[in-house]
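Undergrad: Pasting a structure here, questions to come.
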Amino acid sequence: MNGGSFKKTREASHVAYQIKKAAVLGSGVMGSGIAAHLANIGIPVLLLDIVPGKLTEQEEAQGLTLESSQVRNKIATGAIQNLLKQKPAPLTTKSNLSLIEAGNFEDDLEKLKDVDWIIEVIVERLDVKKGLYEKIDAVRKPGTIISSNTSGISIEAMAEGRSEDFQKHFLGTHFFNPPRYLKLLEVIPASTTAPEVVEFMTSFGEDRLGKGVVIAKDTPNFIANRIGTYGLLITLREMEKRGYSIGEVDSVTGTLIGRPKSATFRTLDVVGLDTFMHVAKNVYDKTVGEEQKVFKLPPFMKKMIDNGWIGAKAKQGFYSKQGKDILELDTETFEYGPAKKLKTPSIEMAKQQKGLANKVKTLVYANDRTGEILWNIIAPTLLYSAELHGEIADDIVAIDNAMKWGFGWQQGPFEIWDAIGVAKSMEKMKEEGATVPAFVQRLLDKGYETFYSEQDGDLHFFDGEDYKLVPVNEKAINLKRYKKKHGVIKKNSGASLIDLGDGVALLEFHSQSNSIGPDIIQMINYAVDEVEKNYKGLVIGNQGKNFCVGANLGMILMEAQDDNIFELDFIIRSFQNAMMKIKYSTKPVVAAPFGMTLGGGAEVCLPAAHIQASMETYIGLVEVGVGLIPGGGGNVNLYTKHLKGLPKGVHIDYQFVANKVFESIAMAKVSTSGEEARDNNFLDFADGVSVNGDHLIYDAKQVALALYENGYKAPKHEKIPVTGDSGYATMLLGAEGMFLSGFISEHDLKIAKKLAFVLAGGKVPYGTLVDEQYMLDLEREAFLSLVAEPKSQQRMQHMLVKGKPLRN
């Protein structure tokens with residue numbers, strides 16, 4: 001059976017396999033990153049590497065020998081410690097480090113009998129890998145899954161000579177770097193891999209690792225690196241051939257066409273030219289003819305590698321930062337100069353188009369220098385993808401997903417082809433001497449116009465014969481498609497209420513940047529009323545770029561500059577009331593934040609019965625950055641969330657809690673993950689974190705149903721203990737010290753005083769129990785007094801214009 005013939009299923013995985021503990025062999029950047037990602041999802045990991053051959057001078061001075069365990073394990077130990085220094089952070093919270101145990105290949109291979117998954121991430125040499133597998137085979141227990149993170153060595157060749165049980169449980173699992181953040185996981189079976197192992201790893205990859213899994217065939221560089229490397233090398237060739245500069249190419253091969261902002265050459269600098277050379281050589285060595293020619297590096301790149309100009313890690317590559325200036329390399333003179341950009345009519349025309357598909361179509365057919373370069377790099381990549389259909393993957397869905405999840409393309413090759421028109425583009429390609437790939441010819445012979453077709457609200461793909469339903473994990477709810485199929489209950493310009501089925505409704509924000517204004521507040525009120533009458537629960541979530549970046553700052557500034565304090569008072573009061581409606585709803589409200597969840601976005605989450613956050617949730621109350629304090633109940637709700645998280649029956653130091661909340665808001669702290677949000681008390685012990693962002697809405701819906709089925713009751717209105725006068729003075733002490741030391745401005749101190757007064761509960765004795773509404777009134781009064789301040793208005797203006805805070 002050919003390894004690529006396995007079809008990816010979306011059904012529940014086989015319970016015969018469970019991964020309770022894992023081992024990663026090789027502690028380099030990828031190995032330690034994979035170990036960190038496993039620790040992030042709660043799986044203990046054994047991280048092994050080679051034993052050093054000699055001592056350092058420092059080790060000798062300490063009296064250590066090559067037999068000392070700290071020396072023998074130091075490569076893995078060093079890699080583990082280095083996880084705390086890396087950016088972006090591989091760990092979602094520092095405490096996850098305790099789940100990773102260091103060891104070495106000579107002393108600790110016996111420990112592999114206690115793990116359920118062994119991931120090999122050592123040097124890319126077949127002989128070295130096979131030598132290690134022989135040792136693994138001797139110690140592993142039957143049924144243990146073994147996989148290689150190779151980026152291109154044959155899975156079949158690696159499995160040769162191993163025991164039957166090893167071969168049955170061996171496959172490729174190719175993560176992309178950095179493993180925590182890049183979504184793609186290529187699963188590559190060998191002919192001997194058991195189908196149930198492939199099925200389990202697919203489900204495990206999606207449901208536990210949070211990845212987008214594609215089944216790849218055992219071919220050079222698999223899917224994403226094969227097409228991605230081809231596309232990059234075609235771009236290099238066209239740049240040289242047609243006389244474009246590096247900056248000019250990058251100015252049109254990034255976000256303009258739905259690719260990452262690092263575009264072509266910044267991407268190569270980040271990857272490293274040495275790494276790229278290895279990936280390209282892997283295909284070059286295994287291909288022939290015209291295809292092989294493409295994978296030969298151009299002479300200027302070889303010269304750059306010889307010079308050591310290999311990119312970001314050498315602080316010099318296609319770009320070099322000199323002072324504040326970023327200069328581009330001239331590949332003919334090998335001198336650096338100011339970065340150039342293409343400026344053509346088609347770029348301006350594309351910016352006027354709605355939707356990425358229309359923008360790309362406008363650009364590739366344009367009769368100017370932008371159209372020329374984009375057509376000449378996109379057209380060959382589309383043809384190459386079609387020629388590889390069936391060779392590197394069974395279907396176009398796997399190819400498109402691999403490029404979206406591994407290279408950050410918004411559209412995969414076949415989606416791009418649909419966008420620019422298959423028949424129209426093929427005519428132009430034929431005029432230029434291209435041969436129609438057999439797969440494309442079959443599509444055209446059928447009279448079909450696109451590779452994808454939407455039928456009855458479901459997406460179908462062309463499989464070479466006809467359209468087939470795109471397989472989808474039931475947990476991956478696509479709201480855009482779901483609304484097309486099922487409609488909405490009610491909508492306005494800012495939000496929609498959707499029936500998610502099973503008695504759960506979803507409130508989706510869709511305003512500009514999902515910012516909160518009167519339209520969203522109105523829909524929150526409607527949604528809670530509707531759910532209390534007719535549904536089991538409500539989920540507040542969406543699938544925009546970010547959950548919510550806060551309140552509509554432009555509207556607040558406009559009202560403040562017009563001295564419409566009464567209007568602002570009404571808006572803030574309405575926002576607070578809507579948050580209280582969420583909090584005291586008789587049906588459970590579950591917030592599903594992800595990405596940036598700032599200011600008002602955090603305030604929507606805090607009063608919810610449950611927060612089901614994405615692993616990549618960056619939540620914080622950041623209003624001080626625009627000269628304000630939270631105005632939608634954020635102060636009191638974060639304070640009570642902290643109190644709620646403390647154990648019952650013990651003495652509570654309210655001052656300690658108030659100080660923590662004061663520091664969090666005054667310093668505008670933002671979590672770097674969902675788990676860190678728990679550390680910061682934006683999430684409590686009962687709140688959840690979804691590793692797979694595509695499953696977030698589904699997970700939140702299940703929580704809402706579970707709360708309802710377990711007899712959910714709204715919280716009681718309870719009085720809140722505050723620190724009063726003494727607490728106010730204590731909180732201000734630190735702020736005044738920072739002011740006197742020059743760390744904060746006079747206006748920062750004014751904001752801090754207002755914040756401290758609200759959190760302290762005003763002028764009352766320590767331990768006084770106050771009404772929630774009383775604290776909300778204090779919050780609103782402080783917000784309104786600050787919004788009228790000229791310096792706060794300057795901060796708001798600066799944020800709206802520059803996109804970053806002003807410290808005045």
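To be explicit about the labels: the chains of the structure tokens are called A, B, and onward in the order shown, and within each one the residues are counted from 1, while ligands get numbers from 1 in the order they are shown.
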Skip Leu383 in chain A itself and residues of its chain fewer than 6 positions away, then list as a list of chain:residue names all residues within 12 Å of it, counting only C-alpha atoms.

TA: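 Once the adjacent positions are removed, what remains is A:Ile227, A:Tyr230, A:Gly231, A:Glu291, A:Trp375, A:Asn376, A:Ile377, A:His389, A:Pro413, A:Phe414, A:Ile416, A:Trp417, A:Val422, A:Ser425, A:Met426, A:Met429, A:Lys430, A:Ala434, A:Thr435, A:Val436, A:Pro437, A:Ala438, A:Phe439, A:Val440, A:Gln441.
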
Undergrad: Could you pull the residues within 10 Å of Val770 in chain A, counting only C-alpha atoms, minus those fewer than 5 positions along the same chain, as a ChimeraX atom specification?

TA: /A:718-722,761-762,764,775

Undergrad: List the neighbours of range 362-369 of chain A out to 8 Å using only C-alpha atoms; skip same-chain residues closer than 2 positions along the sequence, and give me the result as a list of chain:residue names.

TA: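 The filter keeps A:Leu342, A:Thr344, A:Pro345, A:Ser346, A:Ile347, A:Met349, A:Ala350, A:Asn358, A:Lys359, A:Val360, A:Gly371, A:Glu372, A:Ile373, A:Leu374, A:Trp375, A:Ile420.
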
Undergrad: Which one of A:Thr229, A:Asn401, A:Asn473, A:Thr275 sits closest to Ala216 in chain A if you count only C-alpha atoms?

TA: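 Of the candidates, the smallest distance to Ala216 in chain A is held by A:Asn401.
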
Undergrad: Could you jot down the CA of Leu236 in chain A to CA of Ser320 in chain A separation for me, Å, one decimal place?

TA: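 Between CA of Leu236 in chain A and CA of Ser320 in chain A the gap is 18.4 Å.
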
Undergrad: Run DSSP on the backbone and give me the residues of range 489-552 of chain A it puts in strand (DSSP E), as a list in words.

TA: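 Those in range 489-552 of chain A that DSSP calls strand (DSSP E) are Lys490, Lys491, Ala495, Ser496, Leu497, Ile498, Asp499, Leu500, Gly501, Val504, Ala505, Leu506, Leu507, Glu508, Phe509, Gly537, Leu538, Val539 and Ile540 of chain A.
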
Undergrad: In Å, how far is it from CA of Gly317 in chain A to CA of Met304 in chain A?

TA: 7.3 Å

Undergrad: Which polymer residues have any atom within 6 Å of an atom of range 242-257 of chain A, counting only C-alpha atoms, with same-chain residues fewer than 2 positions away left out, as a PDB file with N, CA, C and O atoms, in the first residue's frame?

TA:
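The result, written out as result.pdb:
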```pdb
ATOM      1  N   GLU A 238      13.214  35.290 -11.423  1.00  0.00           N
ATOM      2  CA  GLU A 238      12.542  36.383 -12.129  1.00  0.00           C
ATOM      3  C   GLU A 238      13.111  37.740 -11.728  1.00  0.00           C
ATOM      4  O   GLU A 238      13.194  38.651 -12.554  1.00  0.00           O
ATOM      5  N   MET A 239      13.510  37.880 -10.470  1.00  0.00           N
ATOM      6  CA  MET A 239      14.120  39.134 -10.024  1.00  0.00           C
ATOM      7  C   MET A 239      15.397  39.402 -10.821  1.00  0.00           C
ATOM      8  O   MET A 239      15.619  40.513 -11.322  1.00  0.00           O
ATOM      9  N   GLU A 240      16.232  38.374 -10.925  1.00  0.00           N
ATOM     10  CA  GLU A 240      17.490  38.509 -11.676  1.00  0.00           C
ATOM     11  C   GLU A 240      17.232  38.782 -13.155  1.00  0.00           C
ATOM     12  O   GLU A 240      17.822  39.674 -13.761  1.00  0.00           O
ATOM     13  N   ARG A 259       0.076  37.182   1.353  1.00  0.00           N
ATOM     14  CA  ARG A 259       1.198  36.428   1.922  1.00  0.00           C
ATOM     15  C   ARG A 259       1.671  37.157   3.184  1.00  0.00           C
ATOM     16  O   ARG A 259       1.328  38.317   3.399  1.00  0.00           O
ATOM     17  N   PRO A 260       2.510  36.536   4.003  1.00  0.00           N
ATOM     18  CA  PRO A 260       3.005  37.211   5.202  1.00  0.00           C
ATOM     19  C   PRO A 260       3.741  38.508   4.871  1.00  0.00           C
ATOM     20  O   PRO A 260       4.304  38.640   3.777  1.00  0.00           O
ATOM     21  N   LYS A 261       3.769  39.448   5.812  1.00  0.00           N
ATOM     22  CA  LYS A 261       4.411  40.741   5.540  1.00  0.00           C
ATOM     23  C   LYS A 261       5.915  40.595   5.336  1.00  0.00           C
ATOM     24  O   LYS A 261       6.560  41.489   4.776  1.00  0.00           O
ATOM     25  N   ALA A 263       7.124  38.722   3.257  1.00  0.00           N
ATOM     26  CA  ALA A 263       7.199  38.568   1.794  1.00  0.00           C
ATOM     27  C   ALA A 263       8.220  37.501   1.402  1.00  0.00           C
ATOM     28  O   ALA A 263       8.190  36.393   1.934  1.00  0.00           O
ATOM     29  N   THR A 264       9.142  37.832   0.491  1.00  0.00           N
ATOM     30  CA  THR A 264      10.084  36.831  -0.031  1.00  0.00           C
ATOM     31  C   THR A 264      11.437  36.880   0.677  1.00  0.00           C
ATOM     32  O   THR A 264      11.858  35.912   1.308  1.00  0.00           O
ATOM     33  N   ALA A 339      16.224  50.685   0.733  1.00  0.00           N
ATOM     34  CA  ALA A 339      15.234  49.742   0.194  1.00  0.00           C
ATOM     35  C   ALA A 339      14.258  50.478  -0.717  1.00  0.00           C
ATOM     36  O   ALA A 339      13.780  51.562  -0.384  1.00  0.00           O
ATOM     37  N   LYS A 340      13.996  49.866  -1.868  1.00  0.00           N
ATOM     38  CA  LYS A 340      13.075  50.476  -2.838  1.00  0.00           C
ATOM     39  C   LYS A 340      11.719  49.774  -2.781  1.00  0.00           C
ATOM     40  O   LYS A 340      11.607  48.654  -2.287  1.00  0.00           O
ATOM     41  N   LYS A 341      10.700  50.437  -3.317  1.00  0.00           N
ATOM     42  CA  LYS A 341       9.368  49.841  -3.414  1.00  0.00           C
ATOM     43  C   LYS A 341       8.839  50.053  -4.821  1.00  0.00           C
ATOM     44  O   LYS A 341       9.132  51.074  -5.452  1.00  0.00           O
ATOM     45  N   LEU A 342       8.056  49.092  -5.301  1.00  0.00           N
ATOM     46  CA  LEU A 342       7.380  49.279  -6.586  1.00  0.00           C
ATOM     47  C   LEU A 342       6.187  50.208  -6.397  1.00  0.00           C
ATOM     48  O   LEU A 342       5.428  50.067  -5.431  1.00  0.00           O
ATOM     49  N   VAL A 360      -5.881  40.181  -6.172  1.00  0.00           N
ATOM     50  CA  VAL A 360      -4.880  39.363  -6.863  1.00  0.00           C
ATOM     51  C   VAL A 360      -5.166  39.314  -8.360  1.00  0.00           C
ATOM     52  O   VAL A 360      -4.253  39.422  -9.194  1.00  0.00           O
TER      53      VAL A 360
END
```

Undergrad: Excluding same-chain residues fewer than 3 positions from Glu156 in chain A, what lies within 9 Å of it counting only C-alpha atoms, as a ChimeraX atom specification?

TA: /A:3,153,159-160,171,189-192,218

Undergrad: Got a sec: who's within 12 Å of range 49-55 of chain A, counting only C-alpha atoms, leaving out chain neighbours fewer than 3 positions off, as a PyMOL selection string?

TA: chain A and resi 23-28+31-32+46+58-80+101-109+120-123+132

Undergrad: Report the distance between CA of Ile744 in chain A and CA of Gly599 in chain A in Å, rounded to one decimal place.

TA: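 Going from CA of Ile744 in chain A over to CA of Gly599 in chain A, I get 20.7 Å.
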
Undergrad: For range 657-671 of chain A, find every residue with an atom within 10 Å (counting only C-alpha atoms), except residues of its own chain fewer than 4 positions away, and show them as JSON, numbers by chain.

TA: {"A": [92, 93, 596, 597, 598, 599, 616, 617, 618, 619, 620, 621, 622, 623, 624, 625, 628, 629, 630, 634, 635, 636, 638, 639, 640, 641, 642, 643, 646, 652, 653, 675, 676, 677, 678, 679, 680, 681, 682, 722, 723, 727, 728, 730, 731, 732, 734, 735, 748, 749, 751, 752, 753, 755, 756, 758, 759, 760]}

Undergrad: Pick from A:Ser148, A:Asn525, A:Gln455, A:Gln18: nearest to Lys484 in chain A, with only C-alpha atoms counted?

TA: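 Checking each of A:Ser148, A:Asn525, A:Gln455, A:Gln18 against Lys484 in chain A, counting only C-alpha atoms, the winner is A:Gln455.
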
Undergrad: Run DSSP on the backbone and give me the residues of range 597-649 of chain A it puts in helix (DSSP H, G or I), as a PyMOL selection string.

TA: chain A and resi 600-605+623-626+634-644

Undergrad: Of the candidates A:Leu497, A:Ala379, A:Leu38, A:Met301, which one gets nearest to Gly272 in chain A if we count only C-alpha atoms?

TA: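 Looking at the shortest contact to Gly272 in chain A, the residue is A:Met301.
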
Undergrad: Determine, for each residue of range 141-246 of chain A having at least one atom at most 12 Å from an atom of range 110-119 of chain A, the closest pair of atoms and their separation in Å to one decimal, counting only C-alpha atoms; order by chain and ascending number, as a tab-separated table.

TA:
```
residue	atom	partner	partner_atom	distance
A:Lys141	CA	A:Lys113	CA	5.2
A:Pro142	CA	A:Lys113	CA	8.9
A:Gly143	CA	A:Asp116	CA	7.8
A:Thr144	CA	A:Asp116	CA	4.9
A:Ile145	CA	A:Trp117	CA	4.7
A:Ile146	CA	A:Ile118	CA	4.7
A:Ser147	CA	A:Ile119	CA	5.0
A:Ser148	CA	A:Ile119	CA	5.7
A:Asn149	CA	A:Ile119	CA	6.9
A:Thr150	CA	A:Ile119	CA	10.1
A:Phe166	CA	A:Ile118	CA	11.1
A:His169	CA	A:Trp117	CA	9.6
A:Phe170	CA	A:Ile118	CA	9.5
A:Leu171	CA	A:Ile119	CA	9.8
A:Gly172	CA	A:Ile119	CA	9.1
A:Thr173	CA	A:Ile119	CA	8.1
A:His174	CA	A:Ile119	CA	10.1
A:Phe175	CA	A:Ile119	CA	10.7
A:Val197	CA	A:Trp117	CA	11.3
A:Phe200	CA	A:Trp117	CA	11.9
A:Met201	CA	A:Trp117	CA	10.2
A:Phe204	CA	A:Trp117	CA	11.5
```
